[in-house]
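All remarks here apply to the structure that follows.
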Amino acid sequence: MDKVKNGDISHRNFKPTYWALSNKNTIYILTFFLLIGGIFTYRSMQRELFPEIVIPYIMVQTPYPGNSPPDIENLITRPIEKQLKGLNGVKVLSSASYQDMSLIMVEFEADVDVRQALQDVKDEVDKAKSDLPDDMDFDPIVEDIDFSEFPILNINLSGDYSLYELKQFAENLQEDIESLREIREADIRGVDERQINILVNPLLLEAYDLTFMDLELAIMTENVNIGAGEILVDGTRRSLRTEANYRSMEELESTIVKFENDKIVYLRDLARVVDGFEDQSTIARLNNQPVVSLSVIKKSGENLLDATDQIFRIIENKQASGQLPPDLSITVTDDMSVYIRDQISNLENSILLGMILVILVLYLFMGIRNAFFSGIAIPMSMFISFLVLGELGYTINTMILFSLLLALGMLVDNAIVVVENSYRLYEEGYKKMDAIKKGVSEIAIPIITSTATTLAAFFPLLLWPGIVGEFMKFLPITLIIVLSSSLFVALVLNPVFMARFVKVEDPTAKVNVKRLFTITGSLAVIGVVFYLSGNLLMGNLLVLPLLMSLLNVYILKPGARNFQQRFLPWIDRQYEKTLRLAMGRLTSKMLVAAMFVLFVVSIMIFGASNPNVIFFPENDPKTVYITMELPLGTDIDRTDVVSREAEKIVFEVLEPYEHIVKSVGVNVGNGKGDFFEPSRAPNKALFTITFVEFIDRDGISTSKIMLELTEALKDFTGAEFFVEKEDEGPPVGRPINIEVSGDDFATLVNLAEDIKQTIDDRRIPGIENLQLDINMSKPEMLLTINREMVRRLGLSTELVASTMRTALYGNRVDKFKDGEDEFDIVVRLDDEFRNNVSALMNMKIKVEKEGFSFHIPVSSVADYSYGTTYEDIKRKDNTRVITVYSNVIEGYNANRINNDIRELLGRYEMPPGYYWEMTGEQENQQETSDFLLRALFIAIALISMILITQFNSAIKPMIILATVVLSTIGVFLGLAAFNMDFVILMTGVGIVSLAGIVVNNGIVLIDYIDIKRNERREILGLHSRARLTREDEVEAVISAGRTRLRPVLLTAITTILGLIPLAIGLNFDFFSLFTQLDPKIYFGGDNAAFWGPMSSAVIFGLTTSTFLTLIMAPVMYNMAVRVRNYYVKEKVVEE
């Protein structure tokens, strides 16, 4: 029978809950709108693999043709750098001076606004223009670099067509694809741009007493379209325009270049006019077949999945309409949408699986009604979070979804405590409303505090600097939002639904099976009809209630009944016995000492296990890249020949694995470059090997295939190969990256080469191919002009140089219109003369002097010599720098290799003013390690402040924080026991997260011990600060422990179960289960590799902390009371 105990509801009144209980209809309506709004927002949010990160990188490009790298450095790079170094917020100022080009990269701190940074750089570059050469034809180009603009797929066209025809099909697609709002560009590769080449015979040019300039002038003055103004004709104003553009090759060939003595010299008399292409710069193949490819790049902030769907519709529509012939093979590769959909689907299914596991555990502990009330916190908290995240403009990506998965178990923590406490009071005889009010009021402040401490643990992660911080900040943001939402659900929504639906359950009560099976059986019959019609989804959904009813009636309910009536009481009894034993005077001291000894021992065991410490999680790659590099200066045709030989080796290695290989693409003339290492180069070729999805690889490791490829190509002569996998997460630099800096370039080169040789001589295992980022063997033919002779002849050095440039490189003199398209008209020597040194040096230059006109060969005013030079000069923060770098062979540990290198170079003597520094991945790793350590201390400091504020005590926070620190025992022992990698980024974040998770149960337990001690004082008639006897203290602690045992176990188990799918790599596809009756169960995958280390750290630590909370926290509390009583001689005072 309902009653009110002690004539009081609670000494604490939590007003938000009271208000909610007084306004139930408002809460029902609010819940409905939150539910609908959350679902709608989630469905409409963009999907991406990783969040778009905005890092203020500003690039300054300055062309200055005809100048060597040293000249570019002195005339262009240094003056601009001098102006830029005064900018605020600059993190790194890097530059590279190439032949004809200066490239400067300004990296700002992550908190600097990109638009402001861009404007600041433009302003400073404008100021630097006065220090730049006066004869520059081009102004510096300043633009920002957007990391979110990347290729989302490649469309490969092949078939029995010429490259020109394939290019026309590609252009047909390009036009429609680039018209999409989401797409920035669709770059055509594998064939070069159409170009009208005027291939001049120098002998004929000389015979007709003509020069390149005469020929160029003839074309430019004939190919015109000039408006002359307006004319009034019959009262109508008409614009007058002369349209004389070339309309055909015949018109161009018939251009009159010279008319003398009634003799006409046409262009065709001097040159071949060829409707062709630019010099070949790229050759593409896919699975050994020539292709023309479209590399499609999306705009920043646009929906990748929508863009991909529209592209496929464009292809289908063009095929259906006949614009693309049926025998044209169209293959889409590197489709990011497939990978993104798979990864997001995997995480969504992990959340659903975790949710089911959590609710099953709640059912076992609390019964179906209370499990429902607690479990409702999961979807409601997530839907509220989606509303907030959507308003913030965030996308659905793996960072957001994992954050929700990490929070999954924590979402029910507050609800469990609220429901369990209220339900316990209801069972004890309180009226329903009184039980809910008292139950919530008793624990409202503790769970608010525990949530605040959890948020305090994640808050420092918001301060994470740099590109890694920009990437990882979505974890704390999402957790803060979703955990705050769960607090609102627990304290405002849950009490209202409990007030309406809760009732004391009779575990022995029997279910009306007949009625239940009549309803679910009827639905199942309808489901069979859907099965017969082929609609598996509806059939499964209608049959599911019957299966769930059978499962509930015959397995879950009996199992829960036995669990609650037998196992839980047994756990209660065993816990009480253990706790009484642990709280003995000698036992408690030994336990506390043992735990701190175990803490030290766990660290020693972990260190002795020689763990593999890595910066970023390693996974089996879906895509492997092989960059082939020939000596600088190698022609693309030679590179193509060599690439075909290497391609045979690649296919031989892949032959046993052909069933898991999706495609093998080769792009000659391209490599994997970065800002200062251009990807396009005729001496490079890029092999792209794409594997099928993880589930379809039959357990074959693609990392092992990478090793086989590296081994197979290492003895290939005449070329160097770099085998690497696709980048995951934020760019962090090369694994081995040693920057050598100083002023004198010759000294710097010698030092860098010597350092490279020193490391090579050590033969450290795992280094793939150590290289310098400067090439000293770029072949060149140096033309030395006799200035005195040139001046005597009335010529200029510029005229001689430009003549040679036109002859060799060509001069774009005009445009040829073909419909709406325009193509360059380029004048240059015919190929038989162009690649002939003797013919080039015999090129004639027209001299007009004292009324006479004659020709002289270039050789009469210039000499040439062969030599080599360096490709570029790089600088960092205004100092010249050369980088010694390498990849690490798959399976080797970059940290161990770098430690060996660091030890080796520690003994290397550098001249004064010259330095070496480990950068790249090592630099980011050190920054991350330092930050995570600071974040942990900041988190502990914030948690301490909150705890001290709540308890108004120093001892109680120390007890709770001790459980936090000691929880790392589980992390260290777990990693050592399972021989797992210590991933600095993810394991580190897991430990920081653990601090916030572990503290929750400790707060609620310690607070409840205080409540029980006060209740004991009331029973004994003592005032609120009176000292209890040792027996009363022990009974109060044990009573609080038993009361909080189930909630503590539940919160720990639910958090662990929420993370189990990712920790063990369990994948379960609910959608395919309902639509195809195939759950696609498998273990592993990219999400498990990426998030598993963090999940494992939390699980190991939380397992240990549960024991610490239930046993060690009460023990330390009781010890603290005894110590206080010993030193504070306070008598028992009765009221």
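The way I read the labels, and the way they are meant: chains A, B, ... in the order of the structure tokens, residue 1 as the first residue of every chain, and ligand 1 as the first ligand shown, with later ones counted on from there.
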- Task: May I have the residues within 9 Å of Ala1113 (chain A) as a list in words, using only C-alpha atoms and disregarding those fewer than 6 positions away in the same chain?
- Result: Ile959, Ile960, Ala962, Thr963, Gly1002, Leu1005, Ile1006 and Phe1107 of chain A
Near Asn288 (chain A), counting only C-alpha atoms, which residues have an atom at most 12 Å away, once you skip same-chain residues fewer than 5 positions from it, shown as an mmCIF file with N, CA and C atoms, in the first residue's frame?
```
data_model
loop_
_atom_site.group_PDB
_atom_site.id
_atom_site.type_symbol
_atom_site.label_atom_id
_atom_site.label_comp_id
_atom_site.auth_asym_id
_atom_site.auth_seq_id
_atom_site.Cartn_x
_atom_site.Cartn_y
_atom_site.Cartn_z
ATOM 1 N N SER A 158 37.196 3.833 -71.777
ATOM 2 C CA SER A 158 38.059 3.029 -72.657
ATOM 3 C C SER A 158 37.196 2.341 -73.699
ATOM 4 N N ILE A 283 49.871 9.767 -69.294
ATOM 5 C CA ILE A 283 49.394 8.550 -69.949
ATOM 6 C C ILE A 283 48.693 7.722 -68.885
ATOM 7 N N SER A 643 57.452 1.886 -66.898
ATOM 8 C CA SER A 643 56.269 1.615 -66.071
ATOM 9 C C SER A 643 55.573 0.330 -66.501
ATOM 10 N N ARG A 644 55.621 0.026 -67.793
ATOM 11 C CA ARG A 644 55.006 -1.221 -68.271
ATOM 12 C C ARG A 644 55.776 -2.440 -67.756
ATOM 13 N N GLU A 645 57.087 -2.306 -67.661
ATOM 14 C CA GLU A 645 57.884 -3.409 -67.102
ATOM 15 C C GLU A 645 57.545 -3.590 -65.624
ATOM 16 N N ALA A 646 57.449 -2.487 -64.901
ATOM 17 C CA ALA A 646 57.097 -2.571 -63.481
ATOM 18 C C ALA A 646 55.668 -3.088 -63.305
ATOM 19 N N GLU A 647 54.799 -2.710 -64.232
ATOM 20 C CA GLU A 647 53.393 -3.123 -64.163
ATOM 21 C C GLU A 647 53.279 -4.647 -64.222
ATOM 22 N N LYS A 648 54.145 -5.280 -65.030
ATOM 23 C CA LYS A 648 54.132 -6.747 -65.114
ATOM 24 C C LYS A 648 54.470 -7.373 -63.766
ATOM 25 N N VAL A 650 54.035 -5.972 -60.828
ATOM 26 C CA VAL A 650 52.907 -5.709 -59.925
ATOM 27 C C VAL A 650 51.800 -6.736 -60.142
ATOM 28 N N PHE A 651 51.479 -7.019 -61.413
ATOM 29 C CA PHE A 651 50.417 -7.982 -61.695
ATOM 30 C C PHE A 651 50.826 -9.407 -61.301
ATOM 31 N N SER A 663 40.883 -2.914 -58.866
ATOM 32 C CA SER A 663 41.450 -2.286 -60.059
ATOM 33 C C SER A 663 42.909 -1.939 -59.822
ATOM 34 N N VAL A 664 43.636 -1.856 -60.945
ATOM 35 C CA VAL A 664 45.029 -1.395 -60.908
ATOM 36 C C VAL A 664 45.152 -0.289 -61.949
ATOM 37 N N GLY A 665 45.345 0.915 -61.479
ATOM 38 C CA GLY A 665 45.483 2.054 -62.378
ATOM 39 C C GLY A 665 46.928 2.518 -62.442
ATOM 40 N N VAL A 666 47.337 2.953 -63.617
ATOM 41 C CA VAL A 666 48.687 3.504 -63.797
ATOM 42 C C VAL A 666 48.547 4.868 -64.446
ATOM 43 N N ASN A 667 49.188 5.849 -63.852
ATOM 44 C CA ASN A 667 49.158 7.202 -64.397
ATOM 45 C C ASN A 667 50.598 7.659 -64.592
ATOM 46 N N PHE A 687 51.146 4.118 -59.548
ATOM 47 C CA PHE A 687 50.306 2.920 -59.602
ATOM 48 C C PHE A 687 49.304 3.001 -58.456
#
```
- Go through A:Ser22, A:Thr1103, A:Ser293, A:Thr478 and flag the residue nearest Glu171 (chain A), using only C-alpha atoms for the distances.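 With only C-alpha atoms as the atom set, the closest residue is A:Ser293.
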- Test item: residues at most 6 Å from region 1062-1073 of chain A, only C-alpha atoms, excluding those fewer than 4 positions along its chain, as an MDAnalysis selection string: chainID A and resid 349 1077:1084 1088 1092 1095:1096
- Message: Residues near Ala110 (chain A), anyone? I mean within 12 Å using only C-alpha atoms, not counting same-chain ones fewer than 5 positions away, as a VMD selection string.
- Response: chain A and resid 53 to 57 89 to 92 117 463 to 471 473
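Residue nearest Asp824 (chain A) within the list A:Ile196, A:Gly354, A:Pro70, A:Asn670: A:Ile196 [criterion: smallest interatomic distance, only C-alpha atoms].
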